[in-house]
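Here is the file model_10.pdb (PDB, C-alpha atoms).
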```
ATOM      1  CA  MET Q   1     -10.747  35.433  -5.019  1.00  0.00           C
ATOM      2  CA  ARG Q   2     -11.523  39.095  -5.166  1.00  0.00           C
ATOM      3  CA  PRO Q   3     -15.203  39.838  -5.727  1.00  0.00           C
ATOM      4  CA  SER Q   4     -14.366  42.317  -8.482  1.00  0.00           C
ATOM      5  CA  THR Q   5     -12.863  39.566 -10.657  1.00  0.00           C
ATOM      6  CA  CYS Q   6     -15.005  36.553  -9.827  1.00  0.00           C
ATOM      7  CA  CYS Q   7     -18.505  37.835  -9.457  1.00  0.00           C
ATOM      8  CA  ARG Q   8     -19.163  40.163 -12.372  1.00  0.00           C
ATOM      9  CA  LYS Q   9     -22.722  39.516 -13.519  1.00  0.00           C
ATOM     10  CA  THR Q  10     -22.439  41.035 -17.001  1.00  0.00           C
ATOM     11  CA  SER Q  11     -19.687  41.146 -19.547  1.00  0.00           C
ATOM     12  CA  PRO Q  12     -18.387  44.419 -20.927  1.00  0.00           C
ATOM     13  CA  THR Q  13     -19.928  45.569 -24.167  1.00  0.00           C
ATOM     14  CA  THR Q  14     -17.493  45.361 -27.072  1.00  0.00           C
ATOM     15  CA  PRO Q  15     -17.891  48.222 -29.526  1.00  0.00           C
ATOM     16  CA  THR Q  16     -19.036  47.043 -32.954  1.00  0.00           C
ATOM     17  CA  THR Q  17     -20.870  48.444 -35.938  1.00  0.00           C
ATOM     18  CA  LEU Q  18     -22.785  45.184 -36.404  1.00  0.00           C
ATOM     19  CA  SER Q  19     -26.383  44.990 -35.238  1.00  0.00           C
ATOM     20  CA  GLU Q  20     -27.215  43.195 -31.992  1.00  0.00           C
ATOM     21  CA  ASP Q  21     -28.941  40.478 -34.020  1.00  0.00           C
ATOM     22  CA  ALA Q  22     -25.865  40.027 -36.231  1.00  0.00           C
ATOM     23  CA  VAL Q  23     -23.574  39.800 -33.195  1.00  0.00           C
ATOM     24  CA  ARG Q  24     -25.841  37.221 -31.564  1.00  0.00           C
ATOM     25  CA  ASP Q  25     -26.324  35.144 -34.717  1.00  0.00           C
ATOM     26  CA  ILE Q  26     -22.715  35.249 -35.942  1.00  0.00           C
ATOM     27  CA  SER Q  27     -21.145  34.617 -32.537  1.00  0.00           C
ATOM     28  CA  THR Q  28     -23.556  31.710 -31.984  1.00  0.00           C
ATOM     29  CA  GLU Q  29     -22.563  30.191 -35.326  1.00  0.00           C
ATOM     30  CA  LEU Q  30     -18.869  30.795 -34.624  1.00  0.00           C
ATOM     31  CA  THR Q  31     -19.268  28.982 -31.308  1.00  0.00           C
ATOM     32  CA  LEU Q  32     -20.814  26.010 -33.124  1.00  0.00           C
ATOM     33  CA  LEU Q  33     -17.962  26.057 -35.647  1.00  0.00           C
ATOM     34  CA  LEU Q  34     -15.408  26.271 -32.860  1.00  0.00           C
ATOM     35  CA  SER Q  35     -16.968  23.242 -31.185  1.00  0.00           C
ATOM     36  CA  ASP Q  36     -16.806  21.360 -34.481  1.00  0.00           C
ATOM     37  CA  VAL Q  37     -13.193  22.366 -35.077  1.00  0.00           C
ATOM     38  CA  PHE Q  38     -12.152  21.243 -31.584  1.00  0.00           C
ATOM     39  CA  ALA Q  39     -14.004  17.933 -32.064  1.00  0.00           C
ATOM     40  CA  LEU Q  40     -12.421  17.409 -35.489  1.00  0.00           C
ATOM     41  CA  TYR Q  41      -9.007  18.384 -34.106  1.00  0.00           C
ATOM     42  CA  LEU Q  42      -9.271  15.768 -31.358  1.00  0.00           C
ATOM     43  CA  LYS Q  43     -10.577  13.124 -33.779  1.00  0.00           C
ATOM     44  CA  THR Q  44      -7.691  13.881 -36.157  1.00  0.00           C
ATOM     45  CA  ARG Q  45      -5.225  13.529 -33.276  1.00  0.00           C
ATOM     46  CA  ASN Q  46      -6.935  10.338 -32.132  1.00  0.00           C
ATOM     47  CA  PHE Q  47      -6.483   8.812 -35.587  1.00  0.00           C
ATOM     48  CA  HIS Q  48      -2.935  10.205 -35.796  1.00  0.00           C
ATOM     49  CA  TRP Q  49      -2.062   8.500 -32.507  1.00  0.00           C
ATOM     50  CA  HIS Q  50      -3.750   5.209 -33.412  1.00  0.00           C
ATOM     51  CA  MET Q  51      -2.706   4.915 -37.052  1.00  0.00           C
ATOM     52  CA  SER Q  52      -1.168   1.598 -38.085  1.00  0.00           C
ATOM     53  CA  GLY Q  53      -0.360  -0.399 -41.167  1.00  0.00           C
ATOM     54  CA  PRO Q  54       1.922  -0.216 -44.179  1.00  0.00           C
ATOM     55  CA  HIS Q  55       1.232   3.494 -44.837  1.00  0.00           C
ATOM     56  CA  PHE Q  56       1.713   4.450 -41.193  1.00  0.00           C
ATOM     57  CA  ARG Q  57       4.385   7.106 -41.718  1.00  0.00           C
ATOM     58  CA  ASP Q  58       2.601   8.918 -44.561  1.00  0.00           C
ATOM     59  CA  TYR Q  59      -0.788   8.889 -42.821  1.00  0.00           C
ATOM     60  CA  HIS Q  60       0.713   9.773 -39.436  1.00  0.00           C
ATOM     61  CA  LEU Q  61       2.534  12.811 -40.866  1.00  0.00           C
ATOM     62  CA  MET Q  62      -0.475  13.965 -42.908  1.00  0.00           C
ATOM     63  CA  LEU Q  63      -2.771  13.807 -39.884  1.00  0.00           C
ATOM     64  CA  ASP Q  64      -0.162  15.613 -37.789  1.00  0.00           C
ATOM     65  CA  ASP Q  65      -0.170  18.489 -40.296  1.00  0.00           C
ATOM     66  CA  GLN Q  66      -3.955  18.510 -40.487  1.00  0.00           C
ATOM     67  CA  GLY Q  67      -4.287  18.527 -36.708  1.00  0.00           C
ATOM     68  CA  ASP Q  68      -1.952  21.521 -36.510  1.00  0.00           C
ATOM     69  CA  GLN Q  69      -4.072  23.351 -39.114  1.00  0.00           C
ATOM     70  CA  LEU Q  70      -7.248  22.709 -37.183  1.00  0.00           C
ATOM     71  CA  PHE Q  71      -5.772  23.772 -33.865  1.00  0.00           C
ATOM     72  CA  SER Q  72      -4.486  27.000 -35.394  1.00  0.00           C
ATOM     73  CA  MET Q  73      -8.078  27.904 -36.340  1.00  0.00           C
ATOM     74  CA  THR Q  74      -9.409  27.655 -32.793  1.00  0.00           C
ATOM     75  CA  ASP Q  75      -8.015  30.855 -31.315  1.00  0.00           C
ATOM     76  CA  ALA Q  76      -8.920  32.925 -34.358  1.00  0.00           C
ATOM     77  CA  ILE Q  77     -12.529  31.665 -34.313  1.00  0.00           C
ATOM     78  CA  ALA Q  78     -12.960  32.345 -30.594  1.00  0.00           C
ATOM     79  CA  GLU Q  79     -11.316  35.752 -30.792  1.00  0.00           C
ATOM     80  CA  ARG Q  80     -13.476  36.744 -33.761  1.00  0.00           C
ATOM     81  CA  ALA Q  81     -16.624  35.970 -31.764  1.00  0.00           C
ATOM     82  CA  ARG Q  82     -15.295  38.120 -28.923  1.00  0.00           C
ATOM     83  CA  LYS Q  83     -14.149  40.955 -31.227  1.00  0.00           C
ATOM     84  CA  ILE Q  84     -17.664  41.456 -32.523  1.00  0.00           C
ATOM     85  CA  GLY Q  85     -19.086  41.467 -28.987  1.00  0.00           C
ATOM     86  CA  GLY Q  86     -20.243  37.875 -28.612  1.00  0.00           C
ATOM     87  CA  THR Q  87     -19.157  35.062 -26.370  1.00  0.00           C
ATOM     88  CA  THR Q  88     -17.665  31.700 -27.146  1.00  0.00           C
ATOM     89  CA  ILE Q  89     -17.093  28.271 -25.610  1.00  0.00           C
ATOM     90  CA  ARG Q  90     -16.118  27.965 -21.987  1.00  0.00           C
ATOM     91  CA  SER Q  91     -15.549  24.237 -21.443  1.00  0.00           C
ATOM     92  CA  ILE Q  92     -15.068  20.773 -22.873  1.00  0.00           C
ATOM     93  CA  GLY Q  93     -18.621  20.007 -21.740  1.00  0.00           C
ATOM     94  CA  GLN Q  94     -19.973  22.867 -23.816  1.00  0.00           C
ATOM     95  CA  ILE Q  95     -18.008  21.623 -26.840  1.00  0.00           C
ATOM     96  CA  SER Q  96     -19.496  18.138 -26.422  1.00  0.00           C
ATOM     97  CA  ARG Q  97     -23.023  19.568 -26.233  1.00  0.00           C
ATOM     98  CA  LEU Q  98     -22.593  21.748 -29.325  1.00  0.00           C
ATOM     99  CA  GLN Q  99     -20.356  19.743 -31.679  1.00  0.00           C
ATOM    100  CA  ARG Q 100     -21.840  18.380 -34.867  1.00  0.00           C
ATOM    101  CA  VAL Q 101     -18.752  16.295 -35.688  1.00  0.00           C
ATOM    102  CA  VAL Q 102     -19.409  12.793 -34.377  1.00  0.00           C
ATOM    103  CA  ASP Q 103     -16.784  11.322 -32.043  1.00  0.00           C
ATOM    104  CA  ASN Q 104     -15.190   7.963 -32.746  1.00  0.00           C
ATOM    105  CA  ASP Q 105     -14.346   6.065 -29.572  1.00  0.00           C
ATOM    106  CA  ALA Q 106     -13.828   2.715 -31.303  1.00  0.00           C
ATOM    107  CA  GLU Q 107     -11.026   0.557 -29.986  1.00  0.00           C
ATOM    108  CA  TYR Q 108      -9.729   0.027 -33.523  1.00  0.00           C
ATOM    109  CA  VAL Q 109     -10.484   1.693 -36.849  1.00  0.00           C
ATOM    110  CA  GLU Q 110      -8.978   0.546 -40.140  1.00  0.00           C
ATOM    111  CA  PRO Q 111      -6.591   3.173 -41.562  1.00  0.00           C
ATOM    112  CA  LEU Q 112      -8.727   3.731 -44.668  1.00  0.00           C
ATOM    113  CA  GLY Q 113     -11.785   4.016 -42.423  1.00  0.00           C
ATOM    114  CA  MET Q 114     -10.014   6.780 -40.510  1.00  0.00           C
ATOM    115  CA  ILE Q 115      -9.133   8.576 -43.728  1.00  0.00           C
ATOM    116  CA  ALA Q 116     -12.701   8.306 -45.076  1.00  0.00           C
ATOM    117  CA  GLU Q 117     -14.248   9.482 -41.810  1.00  0.00           C
ATOM    118  CA  LEU Q 118     -11.980  12.523 -41.601  1.00  0.00           C
ATOM    119  CA  ARG Q 119     -12.653  13.300 -45.274  1.00  0.00           C
ATOM    120  CA  ASP Q 120     -16.392  13.313 -44.634  1.00  0.00           C
ATOM    121  CA  ASP Q 121     -16.054  15.349 -41.437  1.00  0.00           C
ATOM    122  CA  ASN Q 122     -13.955  17.975 -43.213  1.00  0.00           C
ATOM    123  CA  ALA Q 123     -16.542  18.160 -46.003  1.00  0.00           C
ATOM    124  CA  ILE Q 124     -19.281  18.740 -43.404  1.00  0.00           C
ATOM    125  CA  LEU Q 125     -17.149  21.430 -41.763  1.00  0.00           C
ATOM    126  CA  THR Q 126     -16.803  23.125 -45.155  1.00  0.00           C
ATOM    127  CA  ARG Q 127     -20.573  23.076 -45.631  1.00  0.00           C
ATOM    128  CA  ASN Q 128     -21.122  24.556 -42.167  1.00  0.00           C
ATOM    129  CA  MET Q 129     -18.549  27.293 -42.787  1.00  0.00           C
ATOM    130  CA  ARG Q 130     -20.242  28.203 -46.081  1.00  0.00           C
ATOM    131  CA  GLU Q 131     -23.522  28.669 -44.199  1.00  0.00           C
ATOM    132  CA  VAL Q 132     -21.854  30.978 -41.671  1.00  0.00           C
ATOM    133  CA  HIS Q 133     -20.194  32.845 -44.543  1.00  0.00           C
ATOM    134  CA  SER Q 134     -23.629  33.527 -46.054  1.00  0.00           C
ATOM    135  CA  LEU Q 135     -24.857  34.824 -42.698  1.00  0.00           C
ATOM    136  CA  CYS Q 136     -21.814  37.116 -42.458  1.00  0.00           C
ATOM    137  CA  GLU Q 137     -22.385  38.461 -45.960  1.00  0.00           C
ATOM    138  CA  GLU Q 138     -26.009  39.261 -45.124  1.00  0.00           C
ATOM    139  CA  ALA Q 139     -24.903  41.107 -41.974  1.00  0.00           C
ATOM    140  CA  GLY Q 140     -22.064  42.960 -43.716  1.00  0.00           C
ATOM    141  CA  ASP Q 141     -19.426  41.261 -41.546  1.00  0.00           C
ATOM    142  CA  VAL Q 142     -16.671  41.225 -44.146  1.00  0.00           C
ATOM    143  CA  ALA Q 143     -13.907  40.447 -41.640  1.00  0.00           C
ATOM    144  CA  THR Q 144     -15.496  37.191 -40.455  1.00  0.00           C
ATOM    145  CA  ALA Q 145     -16.426  36.318 -44.046  1.00  0.00           C
ATOM    146  CA  SER Q 146     -12.811  36.839 -45.091  1.00  0.00           C
ATOM    147  CA  LEU Q 147     -11.517  34.553 -42.326  1.00  0.00           C
ATOM    148  CA  LEU Q 148     -14.073  31.939 -43.298  1.00  0.00           C
ATOM    149  CA  GLU Q 149     -12.930  32.057 -46.920  1.00  0.00           C
ATOM    150  CA  ASN Q 150      -9.399  31.107 -45.853  1.00  0.00           C
ATOM    151  CA  TRP Q 151     -10.640  28.379 -43.517  1.00  0.00           C
ATOM    152  CA  ILE Q 152     -12.919  26.988 -46.228  1.00  0.00           C
ATOM    153  CA  ASP Q 153      -9.941  26.823 -48.593  1.00  0.00           C
ATOM    154  CA  GLU Q 154      -7.803  25.028 -45.965  1.00  0.00           C
ATOM    155  CA  THR Q 155     -10.622  22.615 -45.165  1.00  0.00           C
ATOM    156  CA  GLU Q 156     -11.236  21.851 -48.835  1.00  0.00           C
ATOM    157  CA  LYS Q 157      -7.520  21.098 -49.171  1.00  0.00           C
ATOM    158  CA  ARG Q 158      -7.662  18.693 -46.218  1.00  0.00           C
ATOM    159  CA  THR Q 159     -10.722  17.022 -47.782  1.00  0.00           C
ATOM    160  CA  TRP Q 160      -8.920  16.734 -51.116  1.00  0.00           C
ATOM    161  CA  PHE Q 161      -5.777  15.228 -49.557  1.00  0.00           C
ATOM    162  CA  LEU Q 162      -7.851  12.737 -47.573  1.00  0.00           C
ATOM    163  CA  PHE Q 163      -9.844  11.836 -50.682  1.00  0.00           C
ATOM    164  CA  GLU Q 164      -6.694  11.273 -52.763  1.00  0.00           C
ATOM    165  CA  ARG Q 165      -4.997   9.335 -49.974  1.00  0.00           C
ATOM    166  CA  GLY Q 166      -8.054   7.095 -49.680  1.00  0.00           C
ATOM    167  CA  GLN Q 167      -8.064   6.449 -53.432  1.00  0.00           C
ATOM    168  CA  HIS Q 168      -4.423   5.452 -53.654  1.00  0.00           C
ATOM    169  CA  ALA Q 169      -3.797   3.341 -50.595  1.00  0.00           C
TER
END
```
With the file now loaded, output its structure as structure tokens.
Amino acid sequence: MRPSTCCRKTSPTTPTTLSEDAVRDISTELTLLLSDVFALYLKTRNFHWHMSGPHFRDYHLMLDDQGDQLFSMTDAIAERARKIGGTTIRSIGQISRLQRVVDNDAEYVEPLGMIAELRDDNAILTRNMREVHSLCEEAGDVATASLLENWIDETEKRTWFLFERGQHA
């Protein structure tokens, strides 16, 4: 490797009108959210892959759609942290250290247990995004707040669908 590309000790400063404190605090919170979204994405895929039972097709397709939604958030979250001058996750190990969504490595989970667990995880993700939204409002970061509003709406919809699916199994 060339020393100029592998050994840089500092990252370039991204121009922003946000304060240094706002950049640090918001990018830190975005990194936590990104870790949660990756963890929830993988859990959703895990349950998608291991779904069984009489409602297999409906659940399988719903979780496929929800997994796609979650994955589509990841790049936007990471890029937003970088746009404002912060950093973001660098590895699976970092995700596992930061995630607040609890993994499920069980050999078998009942389909309704999967649905309930994902419902609760999405509700927690919504709560966490609302907290970051408040931080963004305080800092005057309307762009991140706007993105969060859309992600909150999508996450509330996933929670709603999972709730309704769990009620009418």
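Here atom CA of Q:Thr74 stands at a distance of 28.1 Å from atom CA of Q:Glu110.
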>> Please determine, counting all atoms listed in the file, which residue among Q:Glu29, Q:Asp65, Q:Asp120, Q:Asp36 has the shortest atom-to-atom distance to Q:Thr144.
In response: Q:Glu29
>> As a check of understanding, name the residues that the PyMOL selection byres ((chain Q and resi 60) around 10) selects in the supplied structure, as a PyMOL selection string.
In response: chain Q and resi 44-45+47-52+55-59+61-66
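Distances to Q:Asp21 were evaluated for Q:Ser96, Q:Ile84, Q:Thr159, Q:Val142 using only C-alpha atoms, and the minimum falls at Q:Ile84.
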Residues within 7 Å of (-15.8, 28.8, -47.8), file coords, all atoms listed in the file, listed as a PDB file with C-alpha atoms, keeping the file's coordinate frame:
```
ATOM      1  CA  THR Q 126     -16.803  23.125 -45.155  1.00  0.00           C
ATOM      2  CA  MET Q 129     -18.549  27.293 -42.787  1.00  0.00           C
ATOM      3  CA  ARG Q 130     -20.242  28.203 -46.081  1.00  0.00           C
ATOM      4  CA  HIS Q 133     -20.194  32.845 -44.543  1.00  0.00           C
ATOM      5  CA  LEU Q 148     -14.073  31.939 -43.298  1.00  0.00           C
ATOM      6  CA  GLU Q 149     -12.930  32.057 -46.920  1.00  0.00           C
ATOM      7  CA  TRP Q 151     -10.640  28.379 -43.517  1.00  0.00           C
ATOM      8  CA  ILE Q 152     -12.919  26.988 -46.228  1.00  0.00           C
ATOM      9  CA  ASP Q 153      -9.941  26.823 -48.593  1.00  0.00           C
TER      10      ASP Q 153
END
```
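Here the PyMOL selection byres ((chain Q and resi 136) around 10) catches exactly these residues: Ala22, Val23, Asp25, Ile26, Glu29, Arg130, Glu131, Val132, His133, Ser134, Leu135, Glu137, Glu138, Ala139, Gly140, Asp141, Val142, Ala143, Thr144, Ala145, Ser146 and Leu148 of chain Q.
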>> One number please: atom CA of Q:Asp121 to atom CA of Q:Val102, in Å, one decimal.
In response: 8.2 Å
>> Counting only C-alpha atoms, which residue out of Q:Leu162, Q:Ser19, Q:Leu32, Q:Phe71 sits closest to Q:Leu125?
In response: Q:Leu32
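For the pair atom CA of Q:Leu112 and atom CA of Q:Pro54, the separation is 11.4 Å.
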> Please, which residues are within 12 Å of (-14.9, 22.8, -23.0) by the file's coordinates, counting only C-alpha atoms, and could they come as a ChimeraX atom specification?
Replying inline: /Q:31,34-36,38-39,88-99
Centre and edge lengths, as AutoDock Vina command-line options, for the axis-aligned box enclosing every listed atom of stretch 77-88 of chain Q with 6 Å of padding on each of the six sides, in Å to one decimal?
```
--center_x -15.8 --center_y 36.6 --center_z -30.3 --size_x 20.9 --size_y 21.8 --size_z 19.9
```
